[in-house]
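Shown next: coords_13.tsv, given as TSV, C-alpha atoms.
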```
chain	number	residue	atom	x	y	z
A	85	GLU	CA	-3.01	-109.12	25.84
A	86	SER	CA	0.16	-109.83	27.81
A	87	LEU	CA	-1.86	-111.48	30.58
A	88	ALA	CA	-3.74	-113.66	28.06
A	89	ASP	CA	-0.46	-114.73	26.43
A	90	THR	CA	0.98	-115.69	29.83
A	91	ALA	CA	-2.16	-117.68	30.72
A	92	ILE	CA	-2.09	-119.55	27.41
A	93	GLN	CA	1.60	-120.39	27.83
A	94	ALA	CA	0.93	-121.70	31.35
A	95	MET	CA	-1.92	-123.91	30.09
A	96	LEU	CA	0.20	-125.30	27.27
A	97	GLY	CA	2.96	-126.01	29.78
A	98	LYS	CA	0.66	-128.62	31.30
A	99	LEU	CA	0.31	-130.43	27.96
A	100	ASP	CA	2.98	-132.43	26.14
A	101	PRO	CA	6.41	-130.84	25.52
A	102	HIS	CA	5.65	-130.40	21.80
A	103	SER	CA	2.73	-127.98	22.22
A	104	VAL	CA	3.77	-124.34	21.98
A	105	PHE	CA	2.05	-120.98	21.85
A	106	ILE	CA	3.03	-118.66	19.02
A	107	PRO	CA	2.49	-115.00	19.93
A	108	ALA	CA	1.00	-112.82	17.19
A	109	GLU	CA	4.27	-110.93	16.63
A	110	GLU	CA	6.09	-114.21	15.85
A	111	LEU	CA	3.40	-115.72	13.62
A	112	GLN	CA	4.69	-114.25	10.36
A	113	GLN	CA	8.17	-115.71	10.91
A	114	VAL	CA	6.72	-119.14	11.75
A	115	ASN	CA	4.49	-119.05	8.66
A	116	GLU	CA	7.47	-118.09	6.47
A	117	GLU	CA	9.39	-121.11	7.77
A	118	LEU	CA	6.42	-123.40	7.13
A	119	ALA	CA	5.94	-121.99	3.65
A	120	GLY	CA	9.59	-122.68	2.88
A	121	LYS	CA	10.47	-119.16	1.75
A	122	PHE	CA	10.51	-115.49	2.72
A	123	PHE	CA	11.68	-112.23	1.15
A	124	GLY	CA	15.05	-110.87	2.24
A	125	ILE	CA	18.67	-110.46	1.17
A	126	GLY	CA	19.83	-114.10	1.39
A	127	ILE	CA	22.38	-114.23	4.18
A	128	GLU	CA	22.89	-116.24	7.35
A	129	PHE	CA	24.43	-114.39	10.27
A	130	ASN	CA	25.61	-114.64	13.84
A	131	ILE	CA	26.06	-111.83	16.31
A	132	PHE	CA	29.61	-111.53	17.67
A	133	ASP	CA	30.82	-108.65	19.81
A	134	ASP	CA	27.45	-106.89	19.37
A	135	THR	CA	27.81	-106.86	15.57
A	136	LEU	CA	26.07	-108.81	12.80
A	137	ASN	CA	28.66	-111.04	11.13
A	138	VAL	CA	27.75	-112.68	7.82
A	139	ILE	CA	28.48	-116.42	8.09
A	140	ASN	CA	26.95	-117.52	4.78
A	141	VAL	CA	25.75	-115.81	1.61
A	142	LEU	CA	23.14	-117.75	-0.39
A	143	LYS	CA	24.57	-118.39	-3.85
A	144	ASP	CA	22.74	-116.36	-6.49
A	145	GLY	CA	20.66	-114.60	-3.81
A	146	PRO	CA	20.29	-110.81	-3.56
A	147	GLY	CA	23.22	-110.42	-1.13
A	148	PHE	CA	25.45	-112.57	-3.36
A	149	LYS	CA	24.57	-110.45	-6.40
A	150	ALA	CA	25.37	-107.29	-4.38
A	151	GLY	CA	28.82	-108.66	-3.53
A	152	LEU	CA	28.39	-109.53	0.16
A	153	LEU	CA	30.91	-112.05	1.49
A	154	THR	CA	31.25	-114.27	4.53
A	155	GLY	CA	32.95	-112.22	7.24
A	156	ASP	CA	31.33	-108.88	6.38
A	157	LYS	CA	30.22	-106.96	9.49
A	158	PHE	CA	27.09	-104.81	9.26
A	159	ILE	CA	27.31	-101.41	10.92
A	160	LYS	CA	24.20	-99.80	9.45
A	161	ILE	CA	20.98	-101.14	7.87
A	162	GLY	CA	19.00	-98.42	6.14
A	163	ASP	CA	19.04	-95.47	8.54
A	164	SER	CA	19.57	-97.63	11.64
A	165	ALA	CA	23.01	-97.97	13.22
A	166	VAL	CA	23.18	-101.63	14.28
A	167	ALA	CA	26.73	-102.22	15.49
A	168	GLY	CA	27.59	-101.63	19.11
A	169	ASN	CA	24.09	-100.93	20.36
A	170	LYS	CA	22.95	-104.40	21.48
A	171	THR	CA	20.75	-105.05	18.42
A	172	ASN	CA	19.30	-108.56	18.68
A	173	ALA	CA	18.70	-111.13	15.94
A	174	ASP	CA	14.95	-110.42	15.73
A	175	VAL	CA	15.59	-106.73	15.03
A	176	PHE	CA	18.15	-107.66	12.36
A	177	ARG	CA	15.63	-110.00	10.71
A	178	LYS	CA	12.95	-107.27	10.69
A	179	LEU	CA	15.36	-104.79	9.12
A	180	LEU	CA	16.65	-107.22	6.46
A	181	ARG	CA	13.36	-108.85	5.48
A	182	GLY	CA	10.64	-107.04	3.62
A	183	ASN	CA	8.43	-107.12	0.58
A	184	ARG	CA	9.79	-108.52	-2.68
A	185	GLY	CA	11.35	-105.80	-4.80
A	186	THR	CA	11.95	-103.35	-1.95
A	187	LYS	CA	15.48	-102.08	-1.44
A	188	VAL	CA	17.64	-101.90	1.66
A	189	THR	CA	20.99	-100.14	1.95
A	190	ILE	CA	23.65	-101.90	4.02
A	191	THR	CA	26.81	-100.23	5.33
A	192	TYR	CA	29.37	-102.83	6.34
A	193	LEU	CA	33.01	-103.44	7.15
A	194	ARG	CA	35.16	-105.84	5.16
A	195	SER	CA	38.52	-106.10	6.87
A	196	GLN	CA	39.10	-102.41	7.67
A	197	ASP	CA	37.28	-101.05	4.60
A	198	LYS	CA	33.86	-99.43	4.98
A	199	LYS	CA	31.57	-100.39	2.10
A	200	GLN	CA	27.95	-99.84	1.12
A	201	ALA	CA	25.52	-101.90	-0.96
A	202	THR	CA	21.90	-101.34	-1.95
A	203	ILE	CA	20.18	-104.72	-2.15
A	204	THR	CA	16.79	-105.54	-3.67
A	205	ARG	CA	14.92	-108.06	-1.52
A	206	ASP	CA	13.76	-111.24	-3.22
A	207	ALA	CA	12.40	-114.70	-2.40
A	208	ILE	CA	14.78	-116.71	-0.23
A	209	PRO	CA	14.02	-120.44	-0.27
A	210	LEU	CA	14.35	-122.37	2.98
A	211	SER	CA	15.57	-125.83	2.10
A	212	SER	CA	14.57	-128.75	4.32
A	213	VAL	CA	17.22	-131.16	3.04
A	214	ASP	CA	20.70	-130.31	4.33
A	215	ALA	CA	22.48	-133.29	2.81
A	216	SER	CA	21.73	-136.15	0.44
A	217	TYR	CA	24.42	-138.58	-0.71
A	218	MET	CA	25.47	-142.22	-0.96
A	219	MET	CA	27.63	-143.35	1.97
A	220	THR	CA	28.46	-146.69	0.33
A	221	LYS	CA	27.38	-148.30	-2.93
A	222	ASP	CA	23.99	-149.24	-1.40
A	223	ILE	CA	23.51	-147.05	1.73
A	224	GLY	CA	22.21	-143.51	1.30
A	225	TYR	CA	22.01	-140.63	3.76
A	226	ILE	CA	19.45	-137.79	3.88
A	227	ARG	CA	19.49	-135.11	6.57
A	228	LEU	CA	16.35	-133.03	7.19
A	229	ASN	CA	16.75	-129.83	9.21
A	230	LYS	CA	13.09	-128.78	9.40
A	231	PHE	CA	9.59	-129.62	8.26
A	232	SER	CA	7.80	-127.21	5.95
A	233	SER	CA	5.41	-127.26	3.01
A	234	VAL	CA	8.33	-128.11	0.67
A	235	THR	CA	9.86	-130.91	2.79
A	236	TYR	CA	8.01	-133.78	1.12
A	237	ARG	CA	8.95	-132.66	-2.40
A	238	GLU	CA	12.60	-132.06	-1.48
A	239	PHE	CA	12.82	-135.39	0.34
A	240	MET	CA	11.27	-137.33	-2.55
A	241	GLU	CA	13.57	-135.66	-5.10
A	242	SER	CA	16.59	-136.60	-2.98
A	243	LEU	CA	15.30	-140.13	-2.48
A	244	GLU	CA	14.69	-140.65	-6.21
A	245	THR	CA	18.17	-139.40	-7.03
A	246	LEU	CA	19.70	-141.81	-4.51
A	247	LYS	CA	17.58	-144.72	-5.83
A	248	LYS	CA	19.00	-144.10	-9.31
A	249	THR	CA	22.51	-144.53	-7.91
A	250	GLY	CA	21.84	-147.88	-6.18
A	251	LEU	CA	20.09	-147.05	-2.90
A	252	GLN	CA	19.04	-150.18	-0.97
A	253	LYS	CA	19.17	-148.82	2.59
A	254	LEU	CA	18.63	-145.29	3.90
A	255	ILE	CA	19.84	-143.40	6.94
A	256	LEU	CA	17.36	-140.61	7.61
A	257	ASP	CA	18.88	-138.03	9.96
A	258	LEU	CA	16.24	-135.94	11.74
A	259	ARG	CA	18.52	-134.45	14.41
```
Kindly present the structure from the file in structure tokens form.
Amino acid sequence: ESLADTAIQAMLGKLDPHSVFIPAEELQQVNEELAGKFFGIGIEFNIFDDTLNVINVLKDGPGFKAGLLTGDKFIKIGDSAVAGNKTNADVFRKLLRGNRGTKVTITYLRSQDKKQATITRDAIPLSSVDASYMMTKDIGYIRLNKFSSVTYREFMESLETLKKTGLQKLILDLR
């Protein structure tokens, strides 16, 4: 299997730079992004000093309802100690995501206080439109961060809203 994956990647390397091979173990994550949602606790994180640091909590998501805040540092997810043992982002995602309605217990630090929360996983939408606003009275701006099955609907809703406020010209940011 490993040899076949390597051969496929080498063949795709000879094609255009936009062709990529998605290994079986990454397919679920790619499909979740294309579908525009997955089941989890509703946080964004970065790893600093070998520890998961919450950088955003999705408003009204499961983590928000459980009281998680930006700056919380996870030390344990379920039975797995995750701080200080070189846990990577993929492992964190696997531990935090799961079937809708399942529970995960998080032990975390807030300032110097050790806290614990049991969070019920739920649908987490992945929005394609980062920003949508009028820059001037007739120039609008829409920023797309990804393409998924919900991109067209989100884009059209944003565009219609801008049209109602006087849109004549549009800056579409695809960076």
Practice item. Report the distance between CA of Ile203 in chain A and CA of Val188 in chain A in Å, rounded to one decimal place. Key: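 Between CA of Ile203 in chain A and CA of Val188 in chain A the gap works out to 5.4 Å.
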**Study point:** A:Lys149, A:Arg227, A:Lys187, A:Lys170 ranked by distance to Leu136 in chain A, top pick (using all atoms listed in the file)
**Key:**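 Of A:Lys149, A:Arg227, A:Lys187, A:Lys170, the one nearest Leu136 in chain A is A:Lys170, counting all atoms listed in the file.
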Exercise for review: For CA of Ala165 in chain A and CA of Ile106 in chain A, determine how far apart the two atoms are, in Å to one decimal place.
Suggested key: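 The value is 29.3 Å.
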Practice item. Considering all atoms listed in the file, return as an NGL selection string whatever protein or nucleic-acid residues lie within 7 Å of Ala207 in chain A, sequence-local ones (same chain, fewer than 3 positions apart) excluded. Key: :A and (121-124 or 184)
Just C-alpha atoms for this one: save the residues we selected as an mmCIF file, keeping the file's coordinate frame.
```cif
data_model
loop_
_atom_site.group_PDB
_atom_site.id
_atom_site.type_symbol
_atom_site.label_atom_id
_atom_site.label_comp_id
_atom_site.auth_asym_id
_atom_site.auth_seq_id
_atom_site.Cartn_x
_atom_site.Cartn_y
_atom_site.Cartn_z
ATOM 1 C CA LYS A 121 10.470 -119.160 1.750
ATOM 2 C CA PHE A 122 10.510 -115.490 2.720
ATOM 3 C CA PHE A 123 11.680 -112.230 1.150
ATOM 4 C CA GLY A 124 15.050 -110.870 2.240
ATOM 5 C CA ARG A 184 9.790 -108.520 -2.680
#
```
Point to revise | Residue nearest Leu258 in chain A among A:Ala215, A:Val104, A:Ile223, A:Val234 (counting all atoms listed in the file) | key: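 With all atoms listed in the file as the atom set, the closest residue is A:Ala215.
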Exercise for review: Grab the CA of Ser233 in chain A to CA of Arg259 in chain A distance for me, in Å with one decimal place.
Suggested key: 18.8 Å
**Study point:** Best match for closeness to Gln196 in chain A among A:Lys157, A:Arg177, A:Lys253, A:Arg237, counting only C-alpha atoms
**Key:**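 That would be A:Lys157, the residue with the smallest distance to Gln196 in chain A.
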If I wrap all listed atoms of range 159-163 of chain A in a box with edges along x, y and z and add 6 Å on each side, what are its centre and edge lengths in Å to one decimal, as JSON?
```
{"center_x": 23.2, "center_y": -98.4, "center_z": 8.5, "size_x": 20.3, "size_y": 17.9, "size_z": 16.8}
```
Review point. Hey, can you pull every residue with an atom no more than 10 Å from (23.8, -141.9, 1.3), using all atoms listed in the file, and send it as a list in words?
Key: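 Within 10 Å of (23.8, -141.9, 1.3), the protein and nucleic acid residues are Ala215, Ser216, Tyr217, Met218, Met219, Thr220, Lys221, Asp222, Ile223, Gly224, Tyr225, Ile226, Arg227, Ser242, Leu243, Leu246, Lys247, Thr249, Gly250, Leu251, Gln252, Lys253, Leu254, Ile255 and Leu256 of chain A.
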**Study point:** Test item: which residues lie within 12 Å of (15.4, -105.9, 12.7) counting all atoms listed in the file, as a PyMOL selection string
**Key:** chain A and resi 124+136+160-166+170-182+188
Selection export as an mmCIF file, in the coordinates of the input, atoms kept: C-alpha atoms:
```
data_model
loop_
_atom_site.group_PDB
_atom_site.id
_atom_site.type_symbol
_atom_site.label_atom_id
_atom_site.label_comp_id
_atom_site.auth_asym_id
_atom_site.auth_seq_id
_atom_site.Cartn_x
_atom_site.Cartn_y
_atom_site.Cartn_z
ATOM 1 C CA GLY A 124 15.050 -110.870 2.240
ATOM 2 C CA LEU A 136 26.070 -108.810 12.800
ATOM 3 C CA LYS A 160 24.200 -99.800 9.450
ATOM 4 C CA ILE A 161 20.980 -101.140 7.870
ATOM 5 C CA GLY A 162 19.000 -98.420 6.140
ATOM 6 C CA ASP A 163 19.040 -95.470 8.540
ATOM 7 C CA SER A 164 19.570 -97.630 11.640
ATOM 8 C CA ALA A 165 23.010 -97.970 13.220
ATOM 9 C CA VAL A 166 23.180 -101.630 14.280
ATOM 10 C CA LYS A 170 22.950 -104.400 21.480
ATOM 11 C CA THR A 171 20.750 -105.050 18.420
ATOM 12 C CA ASN A 172 19.300 -108.560 18.680
ATOM 13 C CA ALA A 173 18.700 -111.130 15.940
ATOM 14 C CA ASP A 174 14.950 -110.420 15.730
ATOM 15 C CA VAL A 175 15.590 -106.730 15.030
ATOM 16 C CA PHE A 176 18.150 -107.660 12.360
ATOM 17 C CA ARG A 177 15.630 -110.000 10.710
ATOM 18 C CA LYS A 178 12.950 -107.270 10.690
ATOM 19 C CA LEU A 179 15.360 -104.790 9.120
ATOM 20 C CA LEU A 180 16.650 -107.220 6.460
ATOM 21 C CA ARG A 181 13.360 -108.850 5.480
ATOM 22 C CA GLY A 182 10.640 -107.040 3.620
ATOM 23 C CA VAL A 188 17.640 -101.900 1.660
#
```
Practice item. Determine the nearest neighbour of Tyr192 in chain A from the options A:Asp257, A:Asp214, A:Asp156, A:Asp206, counting only C-alpha atoms. Key: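 Residue with the minimum atom-to-atom distance to Tyr192 in chain A: A:Asp156.
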**Study point:** Within 7 Å of Val213 in chain A using only C-alpha atoms, minus same-chain residues under 3 positions, as a list in words
**Key:** Arg227, Leu228, Asn229, Glu238 and Phe239 of chain A
**Study point:** Selected residue of minimal separation from Val141 in chain A among A:Met240, A:Ile208, A:Glu109, A:Leu87, counting only C-alpha atoms
**Key:**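 Checking each of A:Met240, A:Ile208, A:Glu109, A:Leu87 against Val141 in chain A, counting only C-alpha atoms, the winner is A:Ile208.
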Revision key, fill the gap. Across A:Phe105, A:Phe231, A:Asn130, A:Gly168, the smallest distance to Ala88 in chain A, with all atoms listed in the file counted, is shown by A:Phe105
Practice item. For Gly126 in chain A, list every protein, DNA or RNA residue within 6 Å, evaluated using only C-alpha atoms, and leave out those in the same chain fewer than 4 positions away; present the list as a list of chain:residue names. Key: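 Result of the neighbour search: A:Leu142, A:Gly145, A:Pro146, A:Gly147, A:Ile208.
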